[in-house]
Structure formats: structure tokens, C-alpha cells
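> Input file: structure33.pdb. Contents: PDB, N, CA and C atoms.
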```
ATOM      1  N   MET E 270      83.806  41.496 -31.876  1.00  0.00           N
ATOM      2  CA  MET E 270      83.616  41.250 -33.277  1.00  0.00           C
ATOM      3  C   MET E 270      84.064  39.824 -33.595  1.00  0.00           C
ATOM      4  N   SER E 271      83.221  39.082 -34.293  1.00  0.00           N
ATOM      5  CA  SER E 271      83.582  37.733 -34.730  1.00  0.00           C
ATOM      6  C   SER E 271      84.257  37.814 -36.093  1.00  0.00           C
ATOM      7  N   LEU E 272      85.294  37.029 -36.278  1.00  0.00           N
ATOM      8  CA  LEU E 272      85.981  36.974 -37.562  1.00  0.00           C
ATOM      9  C   LEU E 272      85.561  35.701 -38.281  1.00  0.00           C
ATOM     10  N   LEU E 273      84.993  35.866 -39.463  1.00  0.00           N
ATOM     11  CA  LEU E 273      84.597  34.724 -40.288  1.00  0.00           C
ATOM     12  C   LEU E 273      85.625  34.584 -41.398  1.00  0.00           C
ATOM     13  N   TRP E 274      86.479  33.583 -41.286  1.00  0.00           N
ATOM     14  CA  TRP E 274      87.582  33.399 -42.224  1.00  0.00           C
ATOM     15  C   TRP E 274      87.118  32.633 -43.453  1.00  0.00           C
ATOM     16  N   GLU E 275      87.607  33.061 -44.604  1.00  0.00           N
ATOM     17  CA  GLU E 275      87.334  32.415 -45.886  1.00  0.00           C
ATOM     18  C   GLU E 275      88.670  31.949 -46.458  1.00  0.00           C
ATOM     19  N   ARG E 276      88.741  30.671 -46.820  1.00  0.00           N
ATOM     20  CA  ARG E 276      89.980  30.153 -47.396  1.00  0.00           C
ATOM     21  C   ARG E 276      90.007  30.487 -48.878  1.00  0.00           C
ATOM     22  N   LEU E 277      91.127  31.046 -49.337  1.00  0.00           N
ATOM     23  CA  LEU E 277      91.277  31.415 -50.734  1.00  0.00           C
ATOM     24  C   LEU E 277      91.976  30.298 -51.494  1.00  0.00           C
ATOM     25  N   CYS E 278      91.637  30.182 -52.750  1.00  0.00           N
ATOM     26  CA  CYS E 278      92.264  29.180 -53.616  1.00  0.00           C
ATOM     27  C   CYS E 278      93.648  29.692 -54.015  1.00  0.00           C
ATOM     28  N   VAL E 279      94.663  28.877 -53.778  1.00  0.00           N
ATOM     29  CA  VAL E 279      96.038  29.237 -54.101  1.00  0.00           C
ATOM     30  C   VAL E 279      96.513  28.303 -55.202  1.00  0.00           C
ATOM     31  N   GLY E 280      97.090  28.876 -56.267  1.00  0.00           N
ATOM     32  CA  GLY E 280      97.600  28.072 -57.373  1.00  0.00           C
ATOM     33  C   GLY E 280      98.784  27.218 -56.945  1.00  0.00           C
ATOM     34  N   GLU E 281      99.309  26.470 -57.894  1.00  0.00           N
ATOM     35  CA  GLU E 281     100.470  25.632 -57.620  1.00  0.00           C
ATOM     36  C   GLU E 281     101.630  26.498 -57.133  1.00  0.00           C
ATOM     37  N   PRO E 282     102.206  26.139 -55.984  1.00  0.00           N
ATOM     38  CA  PRO E 282     103.315  26.961 -55.470  1.00  0.00           C
ATOM     39  C   PRO E 282     104.535  26.897 -56.377  1.00  0.00           C
ATOM     40  N   LYS E 283     105.200  28.024 -56.509  1.00  0.00           N
ATOM     41  CA  LYS E 283     106.422  28.107 -57.311  1.00  0.00           C
ATOM     42  C   LYS E 283     107.599  28.387 -56.387  1.00  0.00           C
ATOM     43  N   HIS E 284     107.613  27.684 -55.260  1.00  0.00           N
ATOM     44  CA  HIS E 284     108.651  27.874 -54.258  1.00  0.00           C
ATOM     45  C   HIS E 284     108.815  26.562 -53.506  1.00  0.00           C
ATOM     46  N   GLU E 285     109.655  26.573 -52.505  1.00  0.00           N
ATOM     47  CA  GLU E 285     109.961  25.335 -51.781  1.00  0.00           C
ATOM     48  C   GLU E 285     108.934  24.973 -50.711  1.00  0.00           C
ATOM     49  N   PHE E 286     107.915  25.790 -50.512  1.00  0.00           N
ATOM     50  CA  PHE E 286     106.924  25.475 -49.493  1.00  0.00           C
ATOM     51  C   PHE E 286     106.105  24.263 -49.922  1.00  0.00           C
ATOM     52  N   SER E 287     105.898  23.323 -49.012  1.00  0.00           N
ATOM     53  CA  SER E 287     105.138  22.123 -49.358  1.00  0.00           C
ATOM     54  C   SER E 287     103.645  22.322 -49.141  1.00  0.00           C
ATOM     55  N   ALA E 288     103.264  23.283 -48.338  1.00  0.00           N
ATOM     56  CA  ALA E 288     101.843  23.545 -48.090  1.00  0.00           C
ATOM     57  C   ALA E 288     101.663  25.008 -47.743  1.00  0.00           C
ATOM     58  N   THR E 289     100.704  25.628 -48.374  1.00  0.00           N
ATOM     59  CA  THR E 289     100.410  27.025 -48.097  1.00  0.00           C
ATOM     60  C   THR E 289      98.907  27.209 -48.072  1.00  0.00           C
ATOM     61  N   THR E 290      98.395  27.902 -47.064  1.00  0.00           N
ATOM     62  CA  THR E 290      96.995  28.289 -47.055  1.00  0.00           C
ATOM     63  C   THR E 290      96.921  29.793 -46.865  1.00  0.00           C
ATOM     64  N   VAL E 291      95.951  30.385 -47.545  1.00  0.00           N
ATOM     65  CA  VAL E 291      95.718  31.815 -47.460  1.00  0.00           C
ATOM     66  C   VAL E 291      94.253  32.003 -47.103  1.00  0.00           C
ATOM     67  N   ASN E 292      94.001  32.784 -46.065  1.00  0.00           N
ATOM     68  CA  ASN E 292      92.640  33.045 -45.607  1.00  0.00           C
ATOM     69  C   ASN E 292      92.435  34.543 -45.494  1.00  0.00           C
ATOM     70  N   ARG E 293      91.180  34.962 -45.626  1.00  0.00           N
ATOM     71  CA  ARG E 293      90.878  36.381 -45.455  1.00  0.00           C
ATOM     72  C   ARG E 293      89.599  36.524 -44.636  1.00  0.00           C
ATOM     73  N   THR E 294      89.469  37.675 -43.976  1.00  0.00           N
ATOM     74  CA  THR E 294      88.258  38.007 -43.247  1.00  0.00           C
ATOM     75  C   THR E 294      88.024  39.507 -43.370  1.00  0.00           C
ATOM     76  N   LYS E 295      86.743  39.879 -43.464  1.00  0.00           N
ATOM     77  CA  LYS E 295      86.393  41.297 -43.547  1.00  0.00           C
ATOM     78  C   LYS E 295      86.644  41.968 -42.202  1.00  0.00           C
ATOM     79  N   VAL E 296      87.281  43.126 -42.270  1.00  0.00           N
ATOM     80  CA  VAL E 296      87.466  43.979 -41.093  1.00  0.00           C
ATOM     81  C   VAL E 296      87.142  45.401 -41.546  1.00  0.00           C
ATOM     82  N   PRO E 297      86.880  46.306 -40.631  1.00  0.00           N
ATOM     83  CA  PRO E 297      86.586  47.673 -41.034  1.00  0.00           C
ATOM     84  C   PRO E 297      87.698  48.242 -41.919  1.00  0.00           C
ATOM     85  N   GLY E 298      87.330  48.709 -43.095  1.00  0.00           N
ATOM     86  CA  GLY E 298      88.287  49.328 -44.009  1.00  0.00           C
ATOM     87  C   GLY E 298      88.966  48.393 -44.983  1.00  0.00           C
ATOM     88  N   GLY E 299      88.729  47.088 -44.892  1.00  0.00           N
ATOM     89  CA  GLY E 299      89.377  46.179 -45.838  1.00  0.00           C
ATOM     90  C   GLY E 299      89.362  44.735 -45.383  1.00  0.00           C
ATOM     91  N   TRP E 300      90.456  44.063 -45.635  1.00  0.00           N
ATOM     92  CA  TRP E 300      90.582  42.630 -45.354  1.00  0.00           C
ATOM     93  C   TRP E 300      91.800  42.353 -44.474  1.00  0.00           C
ATOM     94  N   LEU E 301      91.674  41.417 -43.566  1.00  0.00           N
ATOM     95  CA  LEU E 301      92.810  40.883 -42.831  1.00  0.00           C
ATOM     96  C   LEU E 301      93.167  39.571 -43.526  1.00  0.00           C
ATOM     97  N   ILE E 302      94.417  39.441 -43.949  1.00  0.00           N
ATOM     98  CA  ILE E 302      94.888  38.275 -44.697  1.00  0.00           C
ATOM     99  C   ILE E 302      95.823  37.481 -43.792  1.00  0.00           C
ATOM    100  N   ALA E 303      95.601  36.157 -43.717  1.00  0.00           N
ATOM    101  CA  ALA E 303      96.456  35.275 -42.916  1.00  0.00           C
ATOM    102  C   ALA E 303      97.057  34.214 -43.830  1.00  0.00           C
ATOM    103  N   LEU E 304      98.366  34.091 -43.799  1.00  0.00           N
ATOM    104  CA  LEU E 304      99.074  33.072 -44.569  1.00  0.00           C
ATOM    105  C   LEU E 304      99.724  32.093 -43.611  1.00  0.00           C
ATOM    106  N   PHE E 305      99.634  30.821 -43.941  1.00  0.00           N
ATOM    107  CA  PHE E 305     100.267  29.764 -43.161  1.00  0.00           C
ATOM    108  C   PHE E 305     101.034  28.891 -44.143  1.00  0.00           C
ATOM    109  N   TRP E 306     102.292  28.607 -43.857  1.00  0.00           N
ATOM    110  CA  TRP E 306     103.049  27.754 -44.764  1.00  0.00           C
ATOM    111  C   TRP E 306     103.924  26.794 -43.996  1.00  0.00           C
ATOM    112  N   ARG E 307     104.265  25.711 -44.677  1.00  0.00           N
ATOM    113  CA  ARG E 307     105.134  24.673 -44.136  1.00  0.00           C
ATOM    114  C   ARG E 307     106.148  24.351 -45.221  1.00  0.00           C
ATOM    115  N   CYS E 308     107.395  24.247 -44.845  1.00  0.00           N
ATOM    116  CA  CYS E 308     108.462  23.926 -45.784  1.00  0.00           C
ATOM    117  C   CYS E 308     108.649  22.419 -45.850  1.00  0.00           C
ATOM    118  N   GLY E 309     109.246  21.967 -46.917  1.00  0.00           N
ATOM    119  CA  GLY E 309     109.520  20.546 -47.067  1.00  0.00           C
ATOM    120  C   GLY E 309     110.736  20.123 -46.269  1.00  0.00           C
ATOM    121  N   SER E 310     111.033  18.857 -46.303  1.00  0.00           N
ATOM    122  CA  SER E 310     112.219  18.282 -45.659  1.00  0.00           C
ATOM    123  C   SER E 310     112.269  18.536 -44.158  1.00  0.00           C
ATOM    124  N   GLY E 311     111.119  18.612 -43.486  1.00  0.00           N
ATOM    125  CA  GLY E 311     111.090  18.763 -42.047  1.00  0.00           C
ATOM    126  C   GLY E 311     111.457  20.138 -41.528  1.00  0.00           C
ATOM    127  N   GLN E 312     111.624  21.106 -42.410  1.00  0.00           N
ATOM    128  CA  GLN E 312     111.947  22.453 -41.964  1.00  0.00           C
ATOM    129  C   GLN E 312     110.693  23.125 -41.420  1.00  0.00           C
ATOM    130  N   ALA E 313     110.902  24.078 -40.542  1.00  0.00           N
ATOM    131  CA  ALA E 313     109.774  24.811 -39.962  1.00  0.00           C
ATOM    132  C   ALA E 313     109.117  25.700 -41.009  1.00  0.00           C
ATOM    133  N   GLY E 314     107.884  26.036 -40.781  1.00  0.00           N
ATOM    134  CA  GLY E 314     107.151  26.954 -41.642  1.00  0.00           C
ATOM    135  C   GLY E 314     106.942  28.269 -40.920  1.00  0.00           C
ATOM    136  N   GLY E 315     105.799  28.872 -41.168  1.00  0.00           N
ATOM    137  CA  GLY E 315     105.547  30.135 -40.497  1.00  0.00           C
ATOM    138  C   GLY E 315     104.163  30.669 -40.802  1.00  0.00           C
ATOM    139  N   THR E 316     103.901  31.829 -40.271  1.00  0.00           N
ATOM    140  CA  THR E 316     102.633  32.511 -40.472  1.00  0.00           C
ATOM    141  C   THR E 316     102.902  33.978 -40.759  1.00  0.00           C
ATOM    142  N   ALA E 317     101.945  34.616 -41.372  1.00  0.00           N
ATOM    143  CA  ALA E 317     102.043  36.052 -41.619  1.00  0.00           C
ATOM    144  C   ALA E 317     100.637  36.630 -41.658  1.00  0.00           C
ATOM    145  N   LEU E 318     100.503  37.854 -41.193  1.00  0.00           N
ATOM    146  CA  LEU E 318      99.247  38.592 -41.264  1.00  0.00           C
ATOM    147  C   LEU E 318      99.508  39.899 -41.989  1.00  0.00           C
ATOM    148  N   CYS E 319      98.545  40.326 -42.783  1.00  0.00           N
ATOM    149  CA  CYS E 319      98.652  41.641 -43.409  1.00  0.00           C
ATOM    150  C   CYS E 319      97.253  42.212 -43.594  1.00  0.00           C
ATOM    151  N   PHE E 320      97.192  43.497 -43.824  1.00  0.00           N
ATOM    152  CA  PHE E 320      95.942  44.196 -44.043  1.00  0.00           C
ATOM    153  C   PHE E 320      95.902  44.665 -45.481  1.00  0.00           C
ATOM    154  N   TYR E 321      94.792  44.401 -46.170  1.00  0.00           N
ATOM    155  CA  TYR E 321      94.586  44.866 -47.539  1.00  0.00           C
ATOM    156  C   TYR E 321      93.483  45.916 -47.508  1.00  0.00           C
ATOM    157  N   PRO E 322      93.809  47.194 -47.760  1.00  0.00           N
ATOM    158  CA  PRO E 322      92.787  48.234 -47.702  1.00  0.00           C
ATOM    159  C   PRO E 322      91.796  48.093 -48.858  1.00  0.00           C
ATOM    160  N   ASP E 323      90.534  47.977 -48.541  1.00  0.00           N
ATOM    161  CA  ASP E 323      89.470  47.833 -49.531  1.00  0.00           C
ATOM    162  C   ASP E 323      88.159  48.187 -48.826  1.00  0.00           C
ATOM    163  N   PRO E 324      87.914  49.487 -48.599  1.00  0.00           N
ATOM    164  CA  PRO E 324      86.767  49.918 -47.801  1.00  0.00           C
ATOM    165  C   PRO E 324      85.421  49.377 -48.279  1.00  0.00           C
ATOM    166  N   GLU E 325      85.276  49.159 -49.576  1.00  0.00           N
ATOM    167  CA  GLU E 325      84.011  48.651 -50.119  1.00  0.00           C
ATOM    168  C   GLU E 325      83.960  47.127 -50.180  1.00  0.00           C
ATOM    169  N   HIS E 326      85.047  46.458 -49.793  1.00  0.00           N
ATOM    170  CA  HIS E 326      85.143  44.991 -49.834  1.00  0.00           C
ATOM    171  C   HIS E 326      84.789  44.433 -51.216  1.00  0.00           C
ATOM    172  N   VAL E 327      85.401  45.013 -52.262  1.00  0.00           N
ATOM    173  CA  VAL E 327      85.134  44.553 -53.624  1.00  0.00           C
ATOM    174  C   VAL E 327      86.130  43.502 -54.117  1.00  0.00           C
ATOM    175  N   TRP E 328      87.276  43.361 -53.454  1.00  0.00           N
ATOM    176  CA  TRP E 328      88.267  42.366 -53.872  1.00  0.00           C
ATOM    177  C   TRP E 328      87.657  40.982 -53.744  1.00  0.00           C
ATOM    178  N   ASP E 329      87.758  40.191 -54.821  1.00  0.00           N
ATOM    179  CA  ASP E 329      87.147  38.860 -54.836  1.00  0.00           C
ATOM    180  C   ASP E 329      88.068  37.765 -54.324  1.00  0.00           C
ATOM    181  N   GLY E 330      89.273  38.119 -53.907  1.00  0.00           N
ATOM    182  CA  GLY E 330      90.205  37.128 -53.392  1.00  0.00           C
ATOM    183  C   GLY E 330      91.144  36.571 -54.444  1.00  0.00           C
ATOM    184  N   GLY E 331      90.957  36.992 -55.693  1.00  0.00           N
ATOM    185  CA  GLY E 331      91.811  36.513 -56.777  1.00  0.00           C
ATOM    186  C   GLY E 331      93.017  37.412 -56.983  1.00  0.00           C
ATOM    187  N   THR E 332      93.853  37.025 -57.913  1.00  0.00           N
ATOM    188  CA  THR E 332      95.043  37.780 -58.241  1.00  0.00           C
ATOM    189  C   THR E 332      94.649  39.035 -59.000  1.00  0.00           C
ATOM    190  N   LEU E 333      95.275  40.138 -58.671  1.00  0.00           N
ATOM    191  CA  LEU E 333      95.023  41.383 -59.373  1.00  0.00           C
ATOM    192  C   LEU E 333      95.927  41.473 -60.592  1.00  0.00           C
ATOM    193  N   PRO E 334      95.447  42.088 -61.683  1.00  0.00           N
ATOM    194  CA  PRO E 334      96.326  42.287 -62.847  1.00  0.00           C
ATOM    195  C   PRO E 334      97.526  43.132 -62.458  1.00  0.00           C
ATOM    196  N   ALA E 335      98.638  42.942 -63.154  1.00  0.00           N
ATOM    197  CA  ALA E 335      99.878  43.656 -62.827  1.00  0.00           C
ATOM    198  C   ALA E 335      99.706  45.171 -62.920  1.00  0.00           C
ATOM    199  N   ASP E 336      98.819  45.649 -63.799  1.00  0.00           N
ATOM    200  CA  ASP E 336      98.659  47.085 -63.964  1.00  0.00           C
ATOM    201  C   ASP E 336      97.493  47.647 -63.166  1.00  0.00           C
ATOM    202  N   ALA E 337      96.918  46.838 -62.272  1.00  0.00           N
ATOM    203  CA  ALA E 337      95.776  47.285 -61.469  1.00  0.00           C
ATOM    204  C   ALA E 337      96.224  48.319 -60.442  1.00  0.00           C
ATOM    205  N   ALA E 338      95.408  49.330 -60.279  1.00  0.00           N
ATOM    206  CA  ALA E 338      95.680  50.340 -59.260  1.00  0.00           C
ATOM    207  C   ALA E 338      95.218  49.800 -57.920  1.00  0.00           C
ATOM    208  N   LEU E 339      96.078  49.830 -56.934  1.00  0.00           N
ATOM    209  CA  LEU E 339      95.694  49.367 -55.602  1.00  0.00           C
ATOM    210  C   LEU E 339      94.821  50.417 -54.944  1.00  0.00           C
ATOM    211  N   PRO E 340      93.850  49.965 -54.156  1.00  0.00           N
ATOM    212  CA  PRO E 340      93.001  50.948 -53.479  1.00  0.00           C
ATOM    213  C   PRO E 340      93.803  51.751 -52.476  1.00  0.00           C
ATOM    214  N   THR E 341      93.376  52.951 -52.254  1.00  0.00           N
ATOM    215  CA  THR E 341      94.043  53.806 -51.270  1.00  0.00           C
ATOM    216  C   THR E 341      93.085  54.065 -50.111  1.00  0.00           C
ATOM    217  N   ALA E 342      93.627  54.160 -48.942  1.00  0.00           N
ATOM    218  CA  ALA E 342      92.813  54.471 -47.766  1.00  0.00           C
ATOM    219  C   ALA E 342      92.412  55.930 -47.832  1.00  0.00           C
ATOM    220  N   SER E 343      91.153  56.217 -47.502  1.00  0.00           N
ATOM    221  CA  SER E 343      90.721  57.612 -47.555  1.00  0.00           C
ATOM    222  C   SER E 343      90.886  58.299 -46.227  1.00  0.00           C
TER     223      SER E 343
END
```
Turn this file's structure into C-alpha cells for me.


Amino acid sequence: MSLLWERLCVGEPKHEFSATTVNRTKVPGGWLIALFWRCGSGQAGGTALCFYPDPEHVWDGGTLPADAALPTAS
């Protein structure tokens, strides 16, 4: 399976990270999310992966409202 990554638009960071990128790719049952960040002042950054369940792939990559119901895996 080939993974086609899409870079998501991230607002102004409200933390000490100097650079952050967020990418997503469709996988069976939802999205695989990859975060990459770098800290300022020469400190190391890091990476993180997570899975967002969305079987119909309806999430547009934007922020969800605070009262939004998260999808559940069936």
C-alpha cells in the first residue's frame, strides 16, 4: 500500500516549538497522523504518530468544535 501524505495547515503555535508540521494519510478505517516538531534554542524536537478513526474519511483536516462527537470504531 502506498501512503500519500497531505500536509495540514497549522495555525500559529502557542508553545515553544519553533516549527511544527502535521501530515495525514488515508488508511483503512481512518487517518494516520504524523507530527514533526523542532524546539527553539537548539533543543531537539521529535515526532509522533497517531490514528484518527474515521471509516468514511469525512474529516477535512481542520479543528473540530469542542462539542463535536468523535467518531467511534464499529

> For a test of reading the model, state the distance in Å between atom CA of Asp329 of chain E and atom CA of Ala303 of chain E, rounded to one decimal.

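That distance, rounded to one decimal, is 15.5 Å.
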
> Calculate how many Å separate atom N of Ala313 of chain E from atom C of Thr290 of chain E, rounding to one decimal.

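Atom-to-atom, atom N of Ala313 of chain E to atom C of Thr290 of chain E, that is 16.4 Å.
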
> Please enumerate the residues selected by the PyMOL selection byres (((chain E and resi 324 and name CA) around 6) and name CA) when evaluated against the supplied file, formatted as JSON, numbers by chain.

{"E": [298, 299, 323, 325, 326]}

> Give me the result of the PyMOL selection byres (((chain E and resi 278 and name CA) around 12) and name CA) on this file, residue by residue, as a list in words.

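On this input, the PyMOL selection byres (((chain E and resi 278 and name CA) around 12) and name CA) captures Glu275, Arg276, Leu277, Val279, Gly280, Glu281, Pro282, Thr289, Thr290, Val291, Asn292, Arg293, Leu304, Asp329, Gly330, Gly331 and Thr332 of chain E.
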
> What is the distance between atom N of Val327 of chain E and atom C of Trp306 of chain E, in Å to one decimal?

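Computed distance, atom N of Val327 of chain E to atom C of Trp306 of chain E, equals 27.3 Å.
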
> Expanded to explicit residues, what is the PyMOL selection byres ((chain E and resi 300) around 6) for this file, as number ranges by chain?

E: 294-296, 298-299, 301-302, 319-323

> Those same residues - N, CA and C atoms - I'd like them written as a PDB file, in the coordinates of the input.


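The result, stored in out_33.pdb:
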```
ATOM      1  N   THR E 294      89.469  37.675 -43.976  1.00  0.00           N
ATOM      2  CA  THR E 294      88.258  38.007 -43.247  1.00  0.00           C
ATOM      3  C   THR E 294      88.024  39.507 -43.370  1.00  0.00           C
ATOM      4  N   LYS E 295      86.743  39.879 -43.464  1.00  0.00           N
ATOM      5  CA  LYS E 295      86.393  41.297 -43.547  1.00  0.00           C
ATOM      6  C   LYS E 295      86.644  41.968 -42.202  1.00  0.00           C
ATOM      7  N   VAL E 296      87.281  43.126 -42.270  1.00  0.00           N
ATOM      8  CA  VAL E 296      87.466  43.979 -41.093  1.00  0.00           C
ATOM      9  C   VAL E 296      87.142  45.401 -41.546  1.00  0.00           C
ATOM     10  N   GLY E 298      87.330  48.709 -43.095  1.00  0.00           N
ATOM     11  CA  GLY E 298      88.287  49.328 -44.009  1.00  0.00           C
ATOM     12  C   GLY E 298      88.966  48.393 -44.983  1.00  0.00           C
ATOM     13  N   GLY E 299      88.729  47.088 -44.892  1.00  0.00           N
ATOM     14  CA  GLY E 299      89.377  46.179 -45.838  1.00  0.00           C
ATOM     15  C   GLY E 299      89.362  44.735 -45.383  1.00  0.00           C
ATOM     16  N   LEU E 301      91.674  41.417 -43.566  1.00  0.00           N
ATOM     17  CA  LEU E 301      92.810  40.883 -42.831  1.00  0.00           C
ATOM     18  C   LEU E 301      93.167  39.571 -43.526  1.00  0.00           C
ATOM     19  N   ILE E 302      94.417  39.441 -43.949  1.00  0.00           N
ATOM     20  CA  ILE E 302      94.888  38.275 -44.697  1.00  0.00           C
ATOM     21  C   ILE E 302      95.823  37.481 -43.792  1.00  0.00           C
ATOM     22  N   CYS E 319      98.545  40.326 -42.783  1.00  0.00           N
ATOM     23  CA  CYS E 319      98.652  41.641 -43.409  1.00  0.00           C
ATOM     24  C   CYS E 319      97.253  42.212 -43.594  1.00  0.00           C
ATOM     25  N   PHE E 320      97.192  43.497 -43.824  1.00  0.00           N
ATOM     26  CA  PHE E 320      95.942  44.196 -44.043  1.00  0.00           C
ATOM     27  C   PHE E 320      95.902  44.665 -45.481  1.00  0.00           C
ATOM     28  N   TYR E 321      94.792  44.401 -46.170  1.00  0.00           N
ATOM     29  CA  TYR E 321      94.586  44.866 -47.539  1.00  0.00           C
ATOM     30  C   TYR E 321      93.483  45.916 -47.508  1.00  0.00           C
ATOM     31  N   PRO E 322      93.809  47.194 -47.760  1.00  0.00           N
ATOM     32  CA  PRO E 322      92.787  48.234 -47.702  1.00  0.00           C
ATOM     33  C   PRO E 322      91.796  48.093 -48.858  1.00  0.00           C
ATOM     34  N   ASP E 323      90.534  47.977 -48.541  1.00  0.00           N
ATOM     35  CA  ASP E 323      89.470  47.833 -49.531  1.00  0.00           C
ATOM     36  C   ASP E 323      88.159  48.187 -48.826  1.00  0.00           C
TER      37      ASP E 323
END
```
